[in-house]
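Chemist: Quick one: the structure is below, questions incoming.
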Amino acid sequence: MDGLRLIRRHAAAFGRFAGLGSGVTLAASAALVLLSQWIPWMAANALTTVASTVFATELHARVSFGHGRPGLAGHLKSAATMALGWLVTSAAVGSLAALRPGAGLVLQQTVYLSATALVGIGRYLVLRLAVFAERAPQPRTGGGVQLRAAYDAAA
């Protein structure tokens with residue numbers, strides 16, 4: 001596969017990752033608002049975080065990376081990247097609070113969203129390179145047709 005084609009394929013995967021992740025985040029935010037009307041906010045947040053992480057992992061494995069079902073190991077590794085991301089964004093916002101106690105909402109959101117963007121890029125890389133890494137092509141034939149070659153030709 002030539003370099004330009006490889007770049008396009010990875011850019012498309014990243015676009016799918018960002019789009020799906022953003023969509024799941026928006027849906028989780030709406031669910032959080034609704035659930036918090038009936039149960040305590042912390043419980044609603046925990047439920048939506050777990051549900052959205054499971055759902056996003058399924059989508060990323062199947063759609064973003066074309067990996068198929070992620071399995072329990074994939075879900076646990078993805079959850080670990082989410083937990084690490086939460087720590088990073090919390091540290092960023094906490095550091096801002098310590099360094100600039102009177103920081104306004106715009107600066108707080110700028111720091112939070114910047115940290116979230118960096119976490120998203122890091123999460124994409126970890127999921128792409130370690131959790132849902134492309135497997136070495138396994139020559140499988142079905143009636144003389146190599147399925148991996150057909151997949152690569154379509155990509």
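How things are named: the first chain in the structure tokens is A, the next is B, and so on; residues count from 1 in each chain; ligands count from 1 in the order shown.
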Determine, counting only C-alpha atoms, which protein, DNA and RNA residues have an atom within 8 Å of an atom of His67 in chain A; residues of the same chain fewer than 4 positions away are not included. Present the result as a list in words.
Modeler: Ala61, Arg62, Val63, Phe132 and Glu134 of chain A
Chemist: Can I get the selection written as a compact mmCIF listing (two decimals), in the first residue's frame, with N, CA and C atoms?
Modeler:
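What follows is the written file again-v5.txt:
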```txt
# COMPACT_ATOMS: atom_id res chain seq x y z
N ALA A 61 -14.41 -0.19 17.62
CA ALA A 61 -13.84 -1.46 17.16
C ALA A 61 -14.39 -1.83 15.79
N ARG A 62 -15.69 -1.73 15.64
CA ARG A 62 -16.33 -2.18 14.41
C ARG A 62 -16.24 -1.17 13.27
N VAL A 63 -16.51 0.11 13.57
CA VAL A 63 -16.62 1.11 12.51
C VAL A 63 -15.31 1.87 12.31
N PHE A 132 -6.84 -2.21 19.13
CA PHE A 132 -7.46 -2.71 17.90
C PHE A 132 -6.48 -2.66 16.74
N GLU A 134 -4.17 -3.49 13.65
CA GLU A 134 -4.42 -4.33 12.49
C GLU A 134 -3.60 -5.60 12.64
```
Chemist: Pick out the closest residue to Ala83 in chain A from this set: A:Leu34, A:Val119, A:Ala18, A:Leu99. Count only C-alpha atoms.
Modeler: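 Smallest distance to Ala83 in chain A is found for A:Val119.
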Chemist: Got a sec: who's within 12 Å of Thr89 in chain A, counting only C-alpha atoms, leaving out chain neighbours fewer than 5 positions off, as an MDAnalysis selection string?
Modeler: chainID A and resid 82:84 94:96 108:120
Chemist: How would the residues just chosen look if you wrote them out with N, CA, C and O atoms as a compact mmCIF listing (two decimals), in the first residue's frame?
Modeler:
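The resulting file, result_14.txt, is shown below:
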```
# COMPACT_ATOMS: atom_id res chain seq x y z
N MET A 82 -10.07 5.43 28.92
CA MET A 82 -11.03 6.43 29.37
C MET A 82 -10.68 6.91 30.78
O MET A 82 -10.76 8.10 31.07
N ALA A 83 -10.31 5.99 31.66
CA ALA A 83 -9.95 6.36 33.03
C ALA A 83 -8.71 7.25 33.03
O ALA A 83 -8.66 8.25 33.75
N LEU A 84 -7.74 6.91 32.21
CA LEU A 84 -6.53 7.73 32.12
C LEU A 84 -6.88 9.11 31.56
O LEU A 84 -6.37 10.13 32.04
N GLY A 94 -7.68 20.94 37.40
CA GLY A 94 -7.18 21.16 38.76
C GLY A 94 -5.97 22.06 38.79
O GLY A 94 -5.83 22.92 39.66
N SER A 95 -5.08 21.88 37.82
CA SER A 95 -3.89 22.73 37.74
C SER A 95 -4.29 24.17 37.45
O SER A 95 -3.71 25.11 38.02
N LEU A 96 -5.25 24.36 36.57
CA LEU A 96 -5.72 25.71 36.29
C LEU A 96 -6.28 26.35 37.55
O LEU A 96 -5.99 27.51 37.85
N GLN A 108 -11.55 28.21 31.66
CA GLN A 108 -11.76 26.86 32.17
C GLN A 108 -12.15 25.91 31.04
O GLN A 108 -11.62 24.80 30.92
N GLN A 109 -13.08 26.34 30.20
CA GLN A 109 -13.53 25.49 29.10
C GLN A 109 -12.43 25.30 28.06
O GLN A 109 -12.30 24.23 27.47
N THR A 110 -11.63 26.35 27.84
CA THR A 110 -10.51 26.23 26.90
C THR A 110 -9.52 25.18 27.37
O THR A 110 -9.08 24.33 26.59
N VAL A 111 -9.19 25.21 28.65
CA VAL A 111 -8.26 24.23 29.21
C VAL A 111 -8.88 22.84 29.15
O VAL A 111 -8.23 21.88 28.71
N TYR A 112 -10.13 22.72 29.56
CA TYR A 112 -10.80 21.41 29.55
C TYR A 112 -10.90 20.84 28.14
O TYR A 112 -10.56 19.67 27.90
N LEU A 113 -11.35 21.65 27.20
CA LEU A 113 -11.53 21.15 25.83
C LEU A 113 -10.18 20.85 25.16
O LEU A 113 -10.07 19.90 24.39
N SER A 114 -9.16 21.63 25.47
CA SER A 114 -7.82 21.36 24.93
C SER A 114 -7.29 20.03 25.48
O SER A 114 -6.74 19.21 24.74
N ALA A 115 -7.46 19.83 26.78
CA ALA A 115 -7.02 18.57 27.39
C ALA A 115 -7.82 17.40 26.81
O ALA A 115 -7.25 16.34 26.52
N THR A 116 -9.11 17.61 26.61
CA THR A 116 -9.96 16.56 26.05
C THR A 116 -9.52 16.22 24.62
O THR A 116 -9.49 15.04 24.25
N ALA A 117 -9.17 17.22 23.83
CA ALA A 117 -8.70 16.98 22.47
C ALA A 117 -7.40 16.18 22.48
O ALA A 117 -7.24 15.23 21.70
N LEU A 118 -6.48 16.55 23.36
CA LEU A 118 -5.21 15.81 23.46
C LEU A 118 -5.45 14.38 23.92
O LEU A 118 -4.83 13.44 23.40
N VAL A 119 -6.35 14.21 24.88
CA VAL A 119 -6.70 12.87 25.34
C VAL A 119 -7.31 12.06 24.19
O VAL A 119 -6.99 10.88 24.01
N GLY A 120 -8.17 12.69 23.40
CA GLY A 120 -8.80 12.00 22.27
C GLY A 120 -7.77 11.52 21.26
O GLY A 120 -7.84 10.39 20.78
```
Chemist: Write out as a VMD selection string each polymer residue whose atoms come within 12 Å of Val131 in chain A, counting only C-alpha atoms; drop sequence neighbours fewer than 2 positions from it.
Modeler: chain A and resid 57 60 to 61 65 67 69 to 81 123 to 129 133 to 135
Chemist: Quick check, in Å to one decimal: how far apart do CA of Trp86 in chain A and CA of Ile7 in chain A lie?
Modeler: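 Going from CA of Trp86 in chain A over to CA of Ile7 in chain A, I get 29.1 Å.
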Chemist: If we count only C-alpha atoms and set the cut-off at 9 Å, which residues sit around Phe14 in chain A, ignoring sequence neighbours fewer than 2 positions away in its own chain? Please answer as a list of chain:residue names.
Modeler: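 These residues fall inside the cut-off: A:Arg9, A:His10, A:Ala11, A:Ala12, A:Arg16, A:Phe17, A:Ala18, A:Gly19, A:Ser64, A:Phe65, A:Ile121, A:Tyr124.
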Chemist: Just C-alpha atoms for this one: save the residues we selected as a compact mmCIF listing (two decimals), in the first residue's frame.
Modeler:
```
# COMPACT_ATOMS: atom_id res chain seq x y z
CA ARG A 9 -7.02 5.37 5.31
CA HIS A 10 -5.76 6.47 8.73
CA ALA A 11 -7.23 9.97 8.32
CA ALA A 12 -10.60 8.39 7.48
CA ARG A 16 -14.79 8.16 12.05
CA PHE A 17 -13.29 7.91 15.54
CA ALA A 18 -13.78 11.62 16.24
CA GLY A 19 -17.27 11.73 14.77
CA SER A 64 -13.53 3.22 13.22
CA PHE A 65 -11.03 0.38 13.03
CA ILE A 121 -5.73 11.96 20.04
CA TYR A 124 -7.05 7.10 19.20
```
Chemist: Have a look at CA of Val93 in chain A and CA of Gly15 in chain A and let me know their distance in Å, one decimal.
Modeler: 26.5 Å
Chemist: Could you pull out the strand (DSSP E) residues of chain A from DSSP and send them as a PyMOL selection string?
Modeler: chain A and resi 141-142+145-146
Chemist: Measuring between only C-alpha atoms, which one of A:Leu35, A:Ala130, A:Leu20, A:Ala30 shows the shortest distance to Thr53 in chain A?
Modeler: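 Answer, going by the shortest atom-to-atom distance: A:Leu20.
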Chemist: From a DSSP pass on the backbone, collect the residues of chain A flagged as helix (DSSP H, G or I) and hand them back as a ChimeraX atom specification.
Modeler: /A:3-35,41-64,71-99,105-131,147-154
Chemist: Dump C-alpha atoms for the selected residues as a compact mmCIF listing (two decimals), in the first residue's frame?
Modeler:
```
# COMPACT_ATOMS: atom_id res chain seq x y z
CA GLY A 3 2.06 6.14 1.53
CA LEU A 4 -0.69 8.47 0.38
CA ARG A 5 -3.25 5.71 0.46
CA LEU A 6 -2.15 4.72 3.96
CA ILE A 7 -2.45 8.33 5.15
CA ARG A 8 -5.94 8.60 3.66
CA ARG A 9 -7.02 5.37 5.31
CA HIS A 10 -5.76 6.47 8.73
CA ALA A 11 -7.23 9.97 8.32
CA ALA A 12 -10.60 8.39 7.48
CA ALA A 13 -10.35 6.12 10.54
CA PHE A 14 -9.52 9.13 12.73
CA GLY A 15 -12.45 11.05 11.26
CA ARG A 16 -14.79 8.16 12.05
CA PHE A 17 -13.29 7.91 15.54
CA ALA A 18 -13.78 11.62 16.24
CA GLY A 19 -17.27 11.73 14.77
CA LEU A 20 -18.51 8.65 16.57
CA GLY A 21 -16.86 9.69 19.83
CA SER A 22 -18.42 13.15 19.63
CA GLY A 23 -21.83 11.69 18.87
CA VAL A 24 -21.66 9.26 21.77
CA THR A 25 -20.49 12.04 24.08
CA LEU A 26 -23.40 14.28 23.08
CA ALA A 27 -25.88 11.43 23.55
CA ALA A 28 -24.37 10.61 26.95
CA SER A 29 -24.64 14.25 27.95
CA ALA A 30 -28.34 14.28 27.07
CA ALA A 31 -28.88 10.99 28.91
CA LEU A 32 -27.08 12.41 31.94
CA VAL A 33 -29.41 15.41 32.03
CA LEU A 34 -32.47 13.16 31.80
CA LEU A 35 -31.30 10.56 34.31
CA TRP A 41 -26.25 13.21 39.58
CA MET A 42 -23.22 11.10 40.62
CA ALA A 43 -25.13 7.87 40.00
CA ALA A 44 -26.43 9.18 36.66
CA ASN A 45 -22.91 10.21 35.68
CA ALA A 46 -21.52 6.77 36.57
CA LEU A 47 -24.25 5.00 34.58
CA THR A 48 -23.87 7.17 31.49
CA THR A 49 -20.07 6.93 31.64
CA VAL A 50 -20.13 3.13 31.74
CA ALA A 51 -22.84 2.82 29.08
CA SER A 52 -21.23 5.34 26.73
CA THR A 53 -17.79 3.73 27.14
CA VAL A 54 -19.17 0.28 26.27
CA PHE A 55 -21.14 1.67 23.32
CA ALA A 56 -18.22 3.77 22.02
CA THR A 57 -15.85 0.81 22.30
CA GLU A 58 -18.20 -1.31 20.20
CA LEU A 59 -18.53 1.44 17.60
CA HIS A 60 -14.81 2.20 17.45
CA ALA A 61 -13.84 -1.46 17.16
CA ARG A 62 -16.33 -2.18 14.41
CA VAL A 63 -16.62 1.11 12.51
CA SER A 64 -13.53 3.22 13.22
CA GLY A 71 -14.44 -8.74 23.38
CA LEU A 72 -13.94 -8.32 27.11
CA ALA A 73 -10.21 -7.56 26.82
CA GLY A 74 -10.89 -4.81 24.28
CA HIS A 75 -13.55 -3.30 26.52
CA LEU A 76 -11.28 -3.36 29.56
CA LYS A 77 -8.37 -1.78 27.68
CA SER A 78 -10.65 0.88 26.23
CA ALA A 79 -12.06 1.59 29.70
CA ALA A 80 -8.49 2.01 30.97
CA THR A 81 -7.84 4.66 28.30
CA MET A 82 -11.03 6.43 29.37
CA ALA A 83 -9.95 6.36 33.03
CA LEU A 84 -6.53 7.73 32.12
CA GLY A 85 -8.19 10.43 30.03
CA TRP A 86 -10.38 11.39 32.98
CA LEU A 87 -7.25 11.72 35.14
CA VAL A 88 -5.54 13.91 32.53
CA THR A 89 -8.49 16.26 32.06
CA SER A 90 -9.04 16.44 35.83
CA ALA A 91 -5.36 17.27 36.36
CA ALA A 92 -5.53 19.98 33.70
CA VAL A 93 -8.57 21.64 35.23
CA GLY A 94 -7.18 21.16 38.76
CA SER A 95 -3.89 22.73 37.74
CA LEU A 96 -5.72 25.71 36.29
CA ALA A 97 -7.67 26.13 39.53
CA ALA A 98 -4.40 26.05 41.51
CA LEU A 99 -2.53 28.42 39.18
CA LEU A 105 -15.57 30.07 32.43
CA VAL A 106 -14.04 30.68 28.99
CA LEU A 107 -10.51 29.88 30.22
CA GLN A 108 -11.76 26.86 32.17
CA GLN A 109 -13.53 25.49 29.10
CA THR A 110 -10.51 26.23 26.90
CA VAL A 111 -8.26 24.23 29.21
CA TYR A 112 -10.80 21.41 29.55
CA LEU A 113 -11.53 21.15 25.83
CA SER A 114 -7.82 21.36 24.93
CA ALA A 115 -7.02 18.57 27.39
CA THR A 116 -9.96 16.56 26.05
CA ALA A 117 -8.70 16.98 22.47
CA LEU A 118 -5.21 15.81 23.46
CA VAL A 119 -6.70 12.87 25.34
CA GLY A 120 -8.80 12.00 22.27
CA ILE A 121 -5.73 11.96 20.04
CA GLY A 122 -3.83 9.86 22.56
CA ARG A 123 -6.77 7.50 22.96
CA TYR A 124 -7.05 7.10 19.20
CA LEU A 125 -3.36 6.21 18.98
CA VAL A 126 -3.53 3.68 21.83
CA LEU A 127 -6.67 2.06 20.47
CA ARG A 128 -5.33 2.00 16.91
CA LEU A 129 -1.83 0.78 17.73
CA ALA A 130 -2.42 -1.48 20.72
CA VAL A 131 -6.03 -2.38 21.42
CA LEU A 147 -10.38 -12.20 1.40
CA ARG A 148 -7.71 -9.93 2.94
CA ALA A 149 -6.49 -8.88 -0.50
CA ALA A 150 -10.07 -8.00 -1.48
CA TYR A 151 -10.46 -6.01 1.73
CA ASP A 152 -7.20 -4.12 1.14
CA ALA A 153 -8.14 -3.41 -2.46
CA ALA A 154 -11.45 -1.90 -1.32
```
